[in-house]
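Source file: upload39.pdb (PDB, C-alpha atoms)
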MODEL        1
ATOM      1  CA  MET A 154      72.140 124.144 185.349
ATOM      2  CA  THR A 155      72.742 123.772 181.617
ATOM      3  CA  TRP A 156      75.229 125.983 179.898
ATOM      4  CA  PHE A 157      75.425 124.186 176.650
ATOM      5  CA  GLY A 158      71.832 125.030 175.948
ATOM      6  CA  LYS A 159      70.655 121.961 174.122
ATOM      7  CA  VAL A 160      66.990 122.210 173.401
ATOM      8  CA  ARG A 161      65.339 118.968 172.489
ATOM      9  CA  PRO A 162      61.761 118.875 171.307
ATOM     10  CA  ALA A 163      59.765 116.108 172.910
ATOM     11  CA  ALA A 164      59.291 113.131 170.641
ATOM     12  CA  PRO A 165      55.871 113.442 169.013
ATOM     13  CA  GLY A 166      55.021 109.858 169.982
ATOM     14  CA  SER A 167      55.548 110.672 173.641
ATOM     15  CA  ARG A 168      52.601 113.023 173.614
ATOM     16  CA  GLY A 169      50.276 110.317 172.450
ATOM     17  CA  VAL A 170      50.052 111.541 168.866
ATOM     18  CA  SER A 171      48.719 108.824 166.597
ATOM     19  CA  SER A 172      51.305 106.168 165.883
ATOM     20  CA  ALA A 173      52.221 104.688 162.522
ATOM     21  CA  PRO A 174      49.971 105.382 159.600
ATOM     22  CA  THR A 175      48.293 102.452 157.943
ATOM     23  CA  GLU A 176      47.425 102.133 154.271
ATOM     24  CA  SER A 177      46.491 105.379 152.712
ATOM     25  CA  THR A 178      48.784 107.691 150.838
ATOM     26  CA  ALA A 179      47.415 110.572 152.839
ATOM     27  CA  ALA A 180      48.458 108.868 156.069
ATOM     28  CA  ARG A 181      51.971 108.222 154.738
ATOM     29  CA  GLN A 182      52.265 111.820 153.645
ATOM     30  CA  HIS A 183      51.017 113.034 156.984
ATOM     31  CA  ALA A 184      53.507 110.864 158.872
ATOM     32  CA  PHE A 185      56.340 112.007 156.629
ATOM     33  CA  ARG A 186      55.508 115.652 157.185
ATOM     34  CA  THR A 187      55.110 115.145 160.911
ATOM     35  CA  PHE A 188      58.122 112.974 161.688
ATOM     36  CA  VAL A 189      60.615 113.392 158.868
ATOM     37  CA  GLU A 190      60.446 116.885 157.424
ATOM     38  CA  PRO A 191      61.238 118.669 160.718
ATOM     39  CA  GLU A 192      64.490 116.675 160.919
ATOM     40  CA  ILE A 193      65.829 117.526 157.460
ATOM     41  CA  GLU A 194      68.248 120.199 158.630
ATOM     42  CA  VAL A 195      69.602 118.046 161.436
ATOM     43  CA  LEU A 196      70.071 115.213 158.952
ATOM     44  CA  LEU A 197      71.967 117.512 156.595
ATOM     45  CA  ARG A 198      74.315 118.673 159.351
ATOM     46  CA  VAL A 199      74.934 115.154 160.596
ATOM     47  CA  ALA A 200      75.460 113.862 157.063
ATOM     48  CA  ARG A 201      77.917 116.697 156.500
ATOM     49  CA  THR A 202      79.879 115.515 159.530
ATOM     50  CA  LEU A 203      79.788 111.904 158.367
ATOM     51  CA  THR A 204      80.716 112.489 154.736
ATOM     52  CA  GLY A 205      82.841 115.603 154.973
ATOM     53  CA  SER A 206      81.133 117.568 152.196
ATOM     54  CA  TRP A 207      77.827 119.292 151.545
ATOM     55  CA  ALA A 208      77.503 117.666 148.131
ATOM     56  CA  ASP A 209      77.781 114.148 149.586
ATOM     57  CA  SER A 210      75.587 115.181 152.478
ATOM     58  CA  GLU A 211      72.848 116.251 150.052
ATOM     59  CA  ASP A 212      72.957 112.890 148.241
ATOM     60  CA  LEU A 213      73.014 110.945 151.475
ATOM     61  CA  VAL A 214      70.039 112.800 152.937
ATOM     62  CA  GLN A 215      68.019 112.446 149.747
ATOM     63  CA  ASP A 216      68.626 108.685 149.779
ATOM     64  CA  THR A 217      67.774 108.604 153.468
ATOM     65  CA  LEU A 218      64.470 110.387 152.843
ATOM     66  CA  ILE A 219      63.530 107.911 150.132
ATOM     67  CA  ARG A 220      64.192 105.000 152.488
ATOM     68  CA  ALA A 221      62.372 106.719 155.308
ATOM     69  CA  TYR A 222      59.338 107.263 153.115
ATOM     70  CA  GLY A 223      59.411 103.620 152.104
ATOM     71  CA  GLY A 224      59.500 102.543 155.733
ATOM     72  CA  ILE A 225      57.219 105.131 157.273
ATOM     73  CA  GLU A 226      54.282 102.758 157.634
ATOM     74  CA  GLY A 227      56.309 100.503 159.890
ATOM     75  CA  PHE A 228      57.495 103.380 162.072
ATOM     76  CA  ASP A 229      55.746 103.691 165.436
ATOM     77  CA  GLY A 230      56.319 107.434 165.775
ATOM     78  CA  ALA A 231      58.199 107.163 169.044
ATOM     79  CA  HIS A 232      61.660 108.613 168.322
ATOM     80  CA  PRO A 233      61.787 110.056 164.831
ATOM     81  CA  ARG A 234      65.329 111.390 165.072
ATOM     82  CA  ALA A 235      66.813 108.122 166.327
ATOM     83  CA  TRP A 236      64.885 106.239 163.658
ATOM     84  CA  LEU A 237      66.116 108.575 160.911
ATOM     85  CA  LEU A 238      69.697 108.454 162.171
ATOM     86  CA  THR A 239      69.612 104.672 161.956
ATOM     87  CA  ILE A 240      68.383 104.893 158.373
ATOM     88  CA  LEU A 241      71.040 107.491 157.642
ATOM     89  CA  ARG A 242      73.747 105.199 159.009
ATOM     90  CA  HIS A 243      72.595 102.219 156.940
ATOM     91  CA  THR A 244      72.258 104.380 153.851
ATOM     92  CA  ASN A 245      75.746 105.710 154.348
ATOM     93  CA  LEU A 246      77.224 102.243 154.885
ATOM     94  CA  ASN A 247      75.509 100.868 151.807
ATOM     95  CA  SER A 248      76.190 103.772 149.545
ATOM     96  CA  HIS A 249      78.549 103.237 146.662
ATOM     97  CA  ARG A 250      79.977 106.668 146.956
ATOM     98  CA  ARG A 251      83.533 106.900 148.110
ATOM     99  CA  GLN A 252      83.821 106.287 151.842
ATOM    100  CA  ARG A 253      85.642 108.970 153.708
ATOM    101  CA  PRO A 254      86.977 107.613 156.946
ATOM    102  CA  ASP A 255      88.928 110.762 157.685
ATOM    103  CA  LEU A 256      87.646 114.314 157.772
ATOM    104  CA  THR A 257      90.990 116.051 157.732
ATOM    105  CA  PRO A 258      91.091 117.065 154.081
ATOM    106  CA  GLN A 259      87.529 118.333 154.178
ATOM    107  CA  ILE A 260      88.152 120.447 157.227
ATOM    108  CA  THR A 261      91.020 122.103 155.431
ATOM    109  CA  ASP A 262      89.023 122.337 152.208
ATOM    110  CA  LEU A 263      86.380 124.393 153.942
ATOM    111  CA  ASP A 264      88.739 127.327 153.848
ATOM    112  CA  GLY A 265      88.408 127.855 150.145
ATOM    113  CA  GLN A 266      84.649 127.334 150.189
ATOM    114  CA  ARG A 267      83.781 129.680 152.971
ATOM    115  CA  PRO A 268      82.038 132.341 150.855
ATOM    116  CA  ALA A 269      79.670 129.773 149.336
ATOM    117  CA  PHE A 270      78.265 129.007 152.765
ATOM    118  CA  GLY A 271      77.789 132.627 153.655
ATOM    119  CA  VAL A 272      79.085 134.451 156.676
ATOM    120  CA  ALA A 273      76.340 134.109 159.214
ATOM    121  CA  THR A 274      77.632 136.726 161.602
ATOM    122  CA  ALA A 275      76.377 140.281 161.758
ATOM    123  CA  ALA A 276      79.511 141.356 163.595
ATOM    124  CA  GLY A 277      81.841 144.060 162.328
ATOM    125  CA  PRO A 278      85.029 143.402 160.388
ATOM    126  CA  GLU A 279      87.148 143.413 163.540
ATOM    127  CA  GLN A 280      85.063 140.631 165.038
ATOM    128  CA  THR A 281      85.449 138.694 161.825
ATOM    129  CA  VAL A 282      89.219 138.872 162.034
ATOM    130  CA  THR A 283      89.350 137.578 165.608
ATOM    131  CA  ASP A 284      86.765 134.929 164.753
ATOM    132  CA  ARG A 285      88.931 133.936 161.866
ATOM    133  CA  VAL A 286      91.985 133.613 164.069
ATOM    134  CA  LEU A 287      90.105 131.401 166.518
ATOM    135  CA  ASP A 288      88.508 129.417 163.677
ATOM    136  CA  ASP A 289      91.928 128.619 162.270
ATOM    137  CA  SER A 290      93.026 127.278 165.652
ATOM    138  CA  VAL A 291      89.826 125.262 165.948
ATOM    139  CA  GLU A 292      90.424 123.732 162.530
ATOM    140  CA  THR A 293      94.025 122.897 163.341
ATOM    141  CA  ALA A 294      93.014 121.319 166.652
ATOM    142  CA  LEU A 295      90.226 119.299 165.001
ATOM    143  CA  ALA A 296      92.508 118.141 162.220
ATOM    144  CA  ALA A 297      94.987 116.850 164.808
ATOM    145  CA  LEU A 298      92.359 114.590 166.383
ATOM    146  CA  ASP A 299      91.920 110.917 165.684
ATOM    147  CA  PRO A 300      88.943 110.794 163.255
ATOM    148  CA  LYS A 301      86.962 108.576 165.635
ATOM    149  CA  PHE A 302      87.251 111.174 168.391
ATOM    150  CA  ARG A 303      86.625 114.080 166.047
ATOM    151  CA  MET A 304      83.422 112.521 164.738
ATOM    152  CA  VAL A 305      81.939 112.208 168.223
ATOM    153  CA  LEU A 306      82.989 115.726 169.187
ATOM    154  CA  LEU A 307      81.433 117.252 166.067
ATOM    155  CA  LEU A 308      78.227 115.246 166.339
ATOM    156  CA  ILE A 309      77.685 116.349 169.935
ATOM    157  CA  ASP A 310      79.143 119.825 170.246
ATOM    158  CA  VAL A 311      78.410 121.057 166.732
ATOM    159  CA  ASP A 312      75.455 119.026 165.482
ATOM    160  CA  GLN A 313      74.013 118.895 169.001
ATOM    161  CA  LEU A 314      72.985 115.283 169.025
ATOM    162  CA  SER A 315      72.537 113.557 172.379
ATOM    163  CA  TYR A 316      74.898 110.818 173.633
ATOM    164  CA  ALA A 317      72.242 108.207 172.830
ATOM    165  CA  GLU A 318      71.696 109.561 169.322
ATOM    166  CA  VAL A 319      75.411 109.415 168.572
ATOM    167  CA  ALA A 320      75.592 105.888 170.005
ATOM    168  CA  GLU A 321      72.767 104.915 167.670
ATOM    169  CA  LEU A 322      74.284 106.635 164.652
ATOM    170  CA  LEU A 323      77.768 105.173 165.094
ATOM    171  CA  ASP A 324      76.553 101.862 166.494
ATOM    172  CA  ILE A 325      78.735 102.082 169.599
ATOM    173  CA  PRO A 326      77.849 102.009 173.331
ATOM    174  CA  VAL A 327      76.983 105.269 175.115
ATOM    175  CA  GLY A 328      80.011 104.744 177.385
ATOM    176  CA  THR A 329      82.277 104.743 174.330
ATOM    177  CA  VAL A 330      80.633 107.930 173.086
ATOM    178  CA  MET A 331      81.350 109.578 176.427
ATOM    179  CA  SER A 332      84.963 108.488 176.671
ATOM    180  CA  ARG A 333      85.727 109.552 173.087
ATOM    181  CA  LEU A 334      83.977 112.867 173.648
ATOM    182  CA  SER A 335      85.888 113.521 176.826
ATOM    183  CA  ARG A 336      89.249 112.728 175.275
ATOM    184  CA  ALA A 337      88.498 114.774 172.178
ATOM    185  CA  ARG A 338      87.497 117.805 174.223
ATOM    186  CA  ASP A 339      90.558 117.571 176.417
ATOM    187  CA  ARG A 340      92.868 117.443 173.419
ATOM    188  CA  VAL A 341      91.208 120.338 171.615
ATOM    189  CA  ARG A 342      91.072 122.314 174.839
ATOM    190  CA  SER A 343      94.782 121.964 175.457
ATOM    191  CA  ASN A 344      95.481 122.800 171.817
ATOM    192  CA  LEU A 345      93.394 125.957 171.950
ATOM    193  CA  ARG A 346      94.937 127.104 175.209
ATOM    194  CA  SER A 347      97.828 128.697 173.338
ATOM    195  CA  ASN A 348      95.411 130.886 171.380
ATOM    196  CA  PRO A 349      94.946 134.280 173.081
ATOM    197  CA  GLU A 350      91.431 134.616 171.617
ATOM    198  CA  PHE A 351      90.409 131.384 173.303
ATOM    199  CA  ARG A 352      91.821 132.493 176.646
ATOM    200  CA  ARG A 353      90.069 135.823 176.317
ATOM    201  CA  ASN A 354      86.686 134.419 175.282
ATOM    202  CA  ARG A 355      86.459 131.362 177.389
TER     203      ARG A 355
ATOM    204  CA  MET B   1      97.830 118.332 204.991
ATOM    205  CA  MET B   2      94.642 116.356 205.396
ATOM    206  CA  SER B   3      92.637 119.132 203.851
ATOM    207  CA  SER B   4      94.868 119.365 200.787
ATOM    208  CA  ILE B   5      94.620 115.618 200.218
ATOM    209  CA  SER B   6      90.876 115.829 200.487
ATOM    210  CA  THR B   7      90.812 118.742 198.010
ATOM    211  CA  MET B   8      92.922 116.702 195.605
ATOM    212  CA  LEU B   9      90.550 113.794 195.873
ATOM    213  CA  THR B  10      87.631 116.096 195.225
ATOM    214  CA  CYS B  11      89.414 117.573 192.190
ATOM    215  CA  HIS B  12      89.905 114.102 190.821
ATOM    216  CA  TRP B  13      86.273 113.254 191.546
ATOM    217  CA  SER B  14      85.120 116.508 189.931
ATOM    218  CA  ALA B  15      87.287 116.181 186.843
ATOM    219  CA  ARG B  16      85.456 112.987 186.000
ATOM    220  CA  ARG B  17      82.066 114.689 186.237
ATOM    221  CA  ILE B  18      82.470 118.256 184.929
ATOM    222  CA  GLN B  19      81.632 117.398 181.331
ATOM    223  CA  ARG B  20      78.573 115.371 182.288
ATOM    224  CA  TYR B  21      77.488 118.237 184.499
ATOM    225  CA  LEU B  22      77.843 120.774 181.683
ATOM    226  CA  ASP B  23      76.233 118.547 179.050
ATOM    227  CA  ALA B  24      73.305 117.507 181.232
ATOM    228  CA  ASP B  25      72.644 114.761 178.698
ATOM    229  CA  PRO B  26      69.634 112.614 179.617
ATOM    230  CA  ALA B  27      71.714 109.444 179.185
ATOM    231  CA  ALA B  28      74.232 110.407 181.858
ATOM    232  CA  LEU B  29      72.765 112.877 184.334
ATOM    233  CA  LEU B  30      74.491 113.398 187.672
ATOM    234  CA  ASP B  31      72.274 112.783 190.648
ATOM    235  CA  PRO B  32      71.281 115.826 192.751
ATOM    236  CA  ALA B  33      73.810 115.010 195.481
ATOM    237  CA  GLU B  34      76.618 114.855 192.924
ATOM    238  CA  VAL B  35      75.509 118.155 191.394
ATOM    239  CA  GLN B  36      75.508 119.764 194.809
ATOM    240  CA  ARG B  37      78.942 118.454 195.683
ATOM    241  CA  LEU B  38      80.364 119.462 192.314
ATOM    242  CA  GLU B  39      78.915 122.978 192.459
ATOM    243  CA  ALA B  40      80.293 123.423 195.968
ATOM    244  CA  HIS B  41      83.711 122.357 194.752
ATOM    245  CA  LEU B  42      83.614 124.583 191.660
ATOM    246  CA  ALA B  43      82.780 127.541 193.891
ATOM    247  CA  THR B  44      85.996 127.135 195.843
ATOM    248  CA  CYS B  45      88.499 125.443 193.525
ATOM    249  CA  GLU B  46      90.204 127.759 191.065
ATOM    250  CA  LYS B  47      91.657 124.937 189.011
ATOM    251  CA  CYS B  48      88.409 123.047 188.464
ATOM    252  CA  ALA B  49      86.389 126.230 187.913
ATOM    253  CA  SER B  50      88.877 127.205 185.249
ATOM    254  CA  ALA B  51      88.572 123.797 183.579
ATOM    255  CA  ALA B  52      84.785 124.247 183.489
ATOM    256  CA  GLN B  53      85.278 127.677 181.919
ATOM    257  CA  GLU B  54      87.504 126.163 179.270
ATOM    258  CA  TYR B  55      84.917 123.522 178.370
ATOM    259  CA  ARG B  56      82.332 126.252 177.943
ATOM    260  CA  GLY B  57      84.777 128.283 175.854
ATOM    261  CA  LEU B  58      85.516 125.238 173.730
ATOM    262  CA  ARG B  59      81.846 124.708 173.085
ATOM    263  CA  ARG B  60      81.437 128.355 172.089
ATOM    264  CA  ALA B  61      84.473 128.242 169.802
ATOM    265  CA  LEU B  62      83.167 125.110 168.065
ATOM    266  CA  LEU B  63      79.693 126.559 167.650
ATOM    267  CA  GLY B  64      81.108 129.822 166.298
ATOM    268  CA  TRP B  65      83.294 127.899 163.876
ATOM    269  CA  SER B  66      80.361 125.820 162.654
ATOM    270  CA  ARG B  67      77.972 128.768 162.450
ATOM    271  CA  ARG B  68      80.279 130.392 159.943
ATOM    272  CA  ARG B  69      79.981 127.223 157.879
ATOM    273  CA  ARG B  70      76.260 126.852 157.594
ATOM    274  CA  PRO B  71      74.815 124.783 154.793
ATOM    275  CA  ASP B  72      74.163 126.656 151.637
ATOM    276  CA  PRO B  73      70.435 127.466 151.881
ATOM    277  CA  ALA B  74      70.183 126.158 148.314
ATOM    278  CA  VAL B  75      71.170 122.677 149.564
ATOM    279  CA  THR B  76      68.423 122.682 152.174
ATOM    280  CA  ALA B  77      65.929 124.002 149.627
ATOM    281  CA  ARG B  78      66.833 121.297 147.094
ATOM    282  CA  VAL B  79      66.431 118.555 149.678
ATOM    283  CA  ARG B  80      63.058 119.942 150.754
ATOM    284  CA  THR B  81      61.956 120.062 147.122
ATOM    285  CA  ALA B  82      63.065 116.452 146.684
ATOM    286  CA  ALA B  83      61.008 115.507 149.752
ATOM    287  CA  GLU B  84      57.940 117.192 148.265
ATOM    288  CA  ARG B  85      58.512 115.323 145.015
ATOM    289  CA  LEU B  86      58.506 112.034 146.944
ATOM    290  CA  LEU B  87      55.107 112.866 148.382
ATOM    291  CA  ALA B  88      53.732 114.020 145.035
ATOM    292  CA  GLU B  89      54.936 110.870 143.262
ATOM    293  CA  ASP B  90      53.268 108.720 145.897
ATOM    294  CA  ALA B  91      50.013 110.564 145.334
ATOM    295  CA  GLY B  92      50.384 109.630 141.674
TER     296      GLY B  92
ENDMDL
END
What would you get if you wrote out this structure as structure tokens?
Amino acid sequence: MTWFGKVRPAAPGSRGVSSAPTESTAARQHAFRTFVEPEIEVLLRVARTLTGSWADSEDLVQDTLIRAYGGIEGFDGAHPRAWLLTILRHTNLNSHRRQRPDLTPQITDLDGQRPAFGVATAAGPEQTVTDRVLDDSVETALAALDPKFRMVLLLIDVDQLSYAEVAELLDIPVGTVMSRLSRARDRVRSNLRSNPEFRRNR
Amino acid sequence: MMSSISTMLTCHWSARRIQRYLDADPAALLDPAEVQRLEAHLATCEKCASAAQEYRGLRRALLGWSRRRRPDPAVTARVRTAAERLLAEDAG
């Protein structure tokens, strides 16, 4: 039984689709469209979690795409997302933009920027108020977490990466991913417990 | 007495598996016997069932929070345009 509802498309390579392209531009373009373009939104979300801002996320993903295009001929087509996440990690490590080891300020900053990202809910104003109350608690609880724990929690529960994908992205063992995730959830859970909206909705 | 000790042991056993059960991540699936034992325990133990409910609620709260902070569609559009430019440049 799965309640968290992760839906993972099968890796194209696993269905025996042709592997890496060879010389031609057309083959590179085809591989890029097949393996890379479908992952752009995931990359943007993950990059947002890593960098803490949409602006940095946009730069990081653009650089990642350039590298991916450069390396597409050597890619065997087996696990496009894992491959792209590895490129994303290297790109982020090598980037000259300011490193942001801690997400706290960005989480708080989101408050002022909310309208720019649109309100994706069709719910009535009342719903929005209760959402807002719960959102504030979520932000406070996230901000209280050790950044290492918060990163894993966001990558899995928000960006919906798998344990293995997060292990790849952060270059840590799957067991470490699981223990950080578990601790992060337990801390946020006990923080949220005092919020009546959380108790009501859980 | 014996039965309460055994329940406690099962709670401890369950607590270490509830998240893996809910996540059902391919890297750390419970085996069918563990799933069966855990589901049987959750059906009778108020405390563990409530913990499972809280994990689900946490997941919902996080998803709701993030859904109200979607990327600006303009960001996605710009990145897609940049990707197309890469392809066009390669074609010369």
Next on the checklist: Under the ChimeraX specification (/A :<8) & /B, which residues of this model are included? Write them out as an MDAnalysis selection string.
Outcome noted: chainID B and resid 19 21:27 53:72 75:76 79:80 82:83 86:87 90:91
Checklist entry - Can you list, as a VMD selection string, every protein, DNA or RNA residue that comes within 8 Å of Val199 of chain A when you count all atoms listed in the file, leaving out same-chain residues fewer than 4 positions away? => result chain A and resid 195 203 308 312
Checklist entry - Any idea what the distance is between atom CA of Ala28 of chain B and atom CA of Ala320 of chain A? => result 12.8 Å
Checklist entry - To one decimal place, how far is atom CA of Trp13 of chain B from atom CA of Leu38 of chain B in Å? => result 8.6 Å
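Take atom CA of Thr329 of chain A and atom CA of Trp236 of chain A: the distance between them is 20.5 Å.
Comparing the minimum interatomic distances between Phe228 of chain A and each of A:Ala184, A:Val282, A:Leu298, A:Ala200, counting all atoms listed in the file, we find that A:Ala184 sits nearest.
Nearest-residue note for Ser14 of chain B: choosing from B:Ala88, B:Glu39, B:Glu46, B:Arg78, the minimum distance belongs to B:Glu39, counting only C-alpha atoms.
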Item to check | Pick from A:Thr217, A:Thr204, A:Asn348, A:Asn247, whichever lies nearest to Met304 of chain A using all atoms listed in the file | outcome: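 Residue with the minimum atom-to-atom distance to Met304 of chain A: A:Thr204.
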Checklist entry - Once the PyMOL selection byres ((chain B and resi 45) around 12) has been applied to the shown file, what residues remain in the selection, as a list in words? => result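 So the PyMOL selection byres ((chain B and resi 45) around 12) ends up selecting Ser4, Thr7, Met8, Thr10, Cys11, His12, Ser14, Ala15, Leu38, Glu39, Ala40, His41, Leu42, Ala43, Thr44, Glu46, Lys47, Cys48, Ala49, Ser50, Ala51 and Ala52 of chain B.
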Could you pull segment 60-82 of chain B out of the structure I just pasted and write it to a file containing N, CA and C atoms, as an mmCIF file, in the first residue's frame?
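Output file result-v7.cif follows:
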data_model
loop_
_atom_site.group_PDB
_atom_site.id
_atom_site.type_symbol
_atom_site.label_atom_id
_atom_site.label_comp_id
_atom_site.auth_asym_id
_atom_site.auth_seq_id
_atom_site.Cartn_x
_atom_site.Cartn_y
_atom_site.Cartn_z
ATOM 1 N N ARG B 60 1.328 15.584 3.645
ATOM 2 C CA ARG B 60 0.319 16.455 3.023
ATOM 3 C C ARG B 60 0.631 17.922 3.288
ATOM 4 N N ALA B 61 1.000 18.229 4.533
ATOM 5 C CA ALA B 61 1.287 19.622 4.891
ATOM 6 C C ALA B 61 2.470 20.152 4.079
ATOM 7 N N LEU B 62 3.492 19.318 3.906
ATOM 8 C CA LEU B 62 4.668 19.740 3.135
ATOM 9 C C LEU B 62 4.315 19.941 1.669
ATOM 10 N N LEU B 63 3.511 19.016 1.136
ATOM 11 C CA LEU B 63 3.132 19.138 -0.273
ATOM 12 C C LEU B 63 2.262 20.379 -0.493
ATOM 13 N N GLY B 64 1.351 20.618 0.447
ATOM 14 C CA GLY B 64 0.484 21.800 0.340
ATOM 15 C C GLY B 64 1.328 23.066 0.383
ATOM 16 N N TRP B 65 2.258 23.088 1.305
ATOM 17 C CA TRP B 65 3.159 24.239 1.455
ATOM 18 C C TRP B 65 3.928 24.471 0.161
ATOM 19 N N SER B 66 4.443 23.381 -0.430
ATOM 20 C CA SER B 66 5.266 23.560 -1.630
ATOM 21 C C SER B 66 4.406 23.882 -2.852
ATOM 22 N N ARG B 67 3.187 23.360 -2.871
ATOM 23 C CA ARG B 67 2.317 23.626 -4.025
ATOM 24 C C ARG B 67 1.973 25.114 -4.110
ATOM 25 N N ARG B 68 1.918 25.757 -2.962
ATOM 26 C CA ARG B 68 1.625 27.188 -2.986
ATOM 27 C C ARG B 68 2.873 28.000 -3.277
ATOM 28 N N ARG B 69 3.963 27.311 -3.579
ATOM 29 C CA ARG B 69 5.209 27.980 -3.949
ATOM 30 C C ARG B 69 5.769 27.383 -5.220
ATOM 31 N N ARG B 70 4.907 27.233 -6.187
ATOM 32 C CA ARG B 70 5.362 26.652 -7.453
ATOM 33 C C ARG B 70 6.315 27.594 -8.160
ATOM 34 N N PRO B 71 7.143 27.037 -9.051
ATOM 35 C CA PRO B 71 8.007 27.945 -9.808
ATOM 36 C C PRO B 71 7.160 28.862 -10.673
ATOM 37 N N ASP B 72 7.642 30.049 -10.817
ATOM 38 C CA ASP B 72 7.032 30.975 -11.749
ATOM 39 C C ASP B 72 7.059 30.277 -13.118
ATOM 40 N N PRO B 73 5.892 30.182 -13.788
ATOM 41 C CA PRO B 73 5.907 29.516 -15.098
ATOM 42 C C PRO B 73 6.897 30.175 -16.055
ATOM 43 N N ALA B 74 7.165 31.463 -15.832
ATOM 44 C CA ALA B 74 8.125 32.165 -16.701
ATOM 45 C C ALA B 74 9.522 31.561 -16.568
ATOM 46 N N VAL B 75 9.874 31.096 -15.350
ATOM 47 C CA VAL B 75 11.191 30.480 -15.147
ATOM 48 C C VAL B 75 11.291 29.207 -15.984
ATOM 49 N N THR B 76 10.270 28.358 -15.854
ATOM 50 C CA THR B 76 10.260 27.114 -16.617
ATOM 51 C C THR B 76 10.323 27.403 -18.115
ATOM 52 N N ALA B 77 9.547 28.393 -18.551
ATOM 53 C CA ALA B 77 9.508 28.726 -19.977
ATOM 54 C C ALA B 77 10.880 29.201 -20.461
ATOM 55 N N ARG B 78 11.543 30.036 -19.642
ATOM 56 C CA ARG B 78 12.866 30.533 -20.047
ATOM 57 C C ARG B 78 13.871 29.392 -20.166
ATOM 58 N N VAL B 79 13.805 28.455 -19.214
ATOM 59 C CA VAL B 79 14.752 27.341 -19.262
ATOM 60 C C VAL B 79 14.479 26.465 -20.483
ATOM 61 N N ARG B 80 13.199 26.260 -20.793
ATOM 62 C CA ARG B 80 12.872 25.459 -21.980
ATOM 63 C C ARG B 80 13.354 26.146 -23.262
ATOM 64 N N THR B 81 13.191 27.478 -23.289
ATOM 65 C CA THR B 81 13.674 28.232 -24.447
ATOM 66 C C THR B 81 15.191 28.100 -24.584
ATOM 67 N N ALA B 82 15.876 28.171 -23.433
ATOM 68 C CA ALA B 82 17.338 28.033 -23.453
ATOM 69 C C ALA B 82 17.728 26.658 -23.979
#
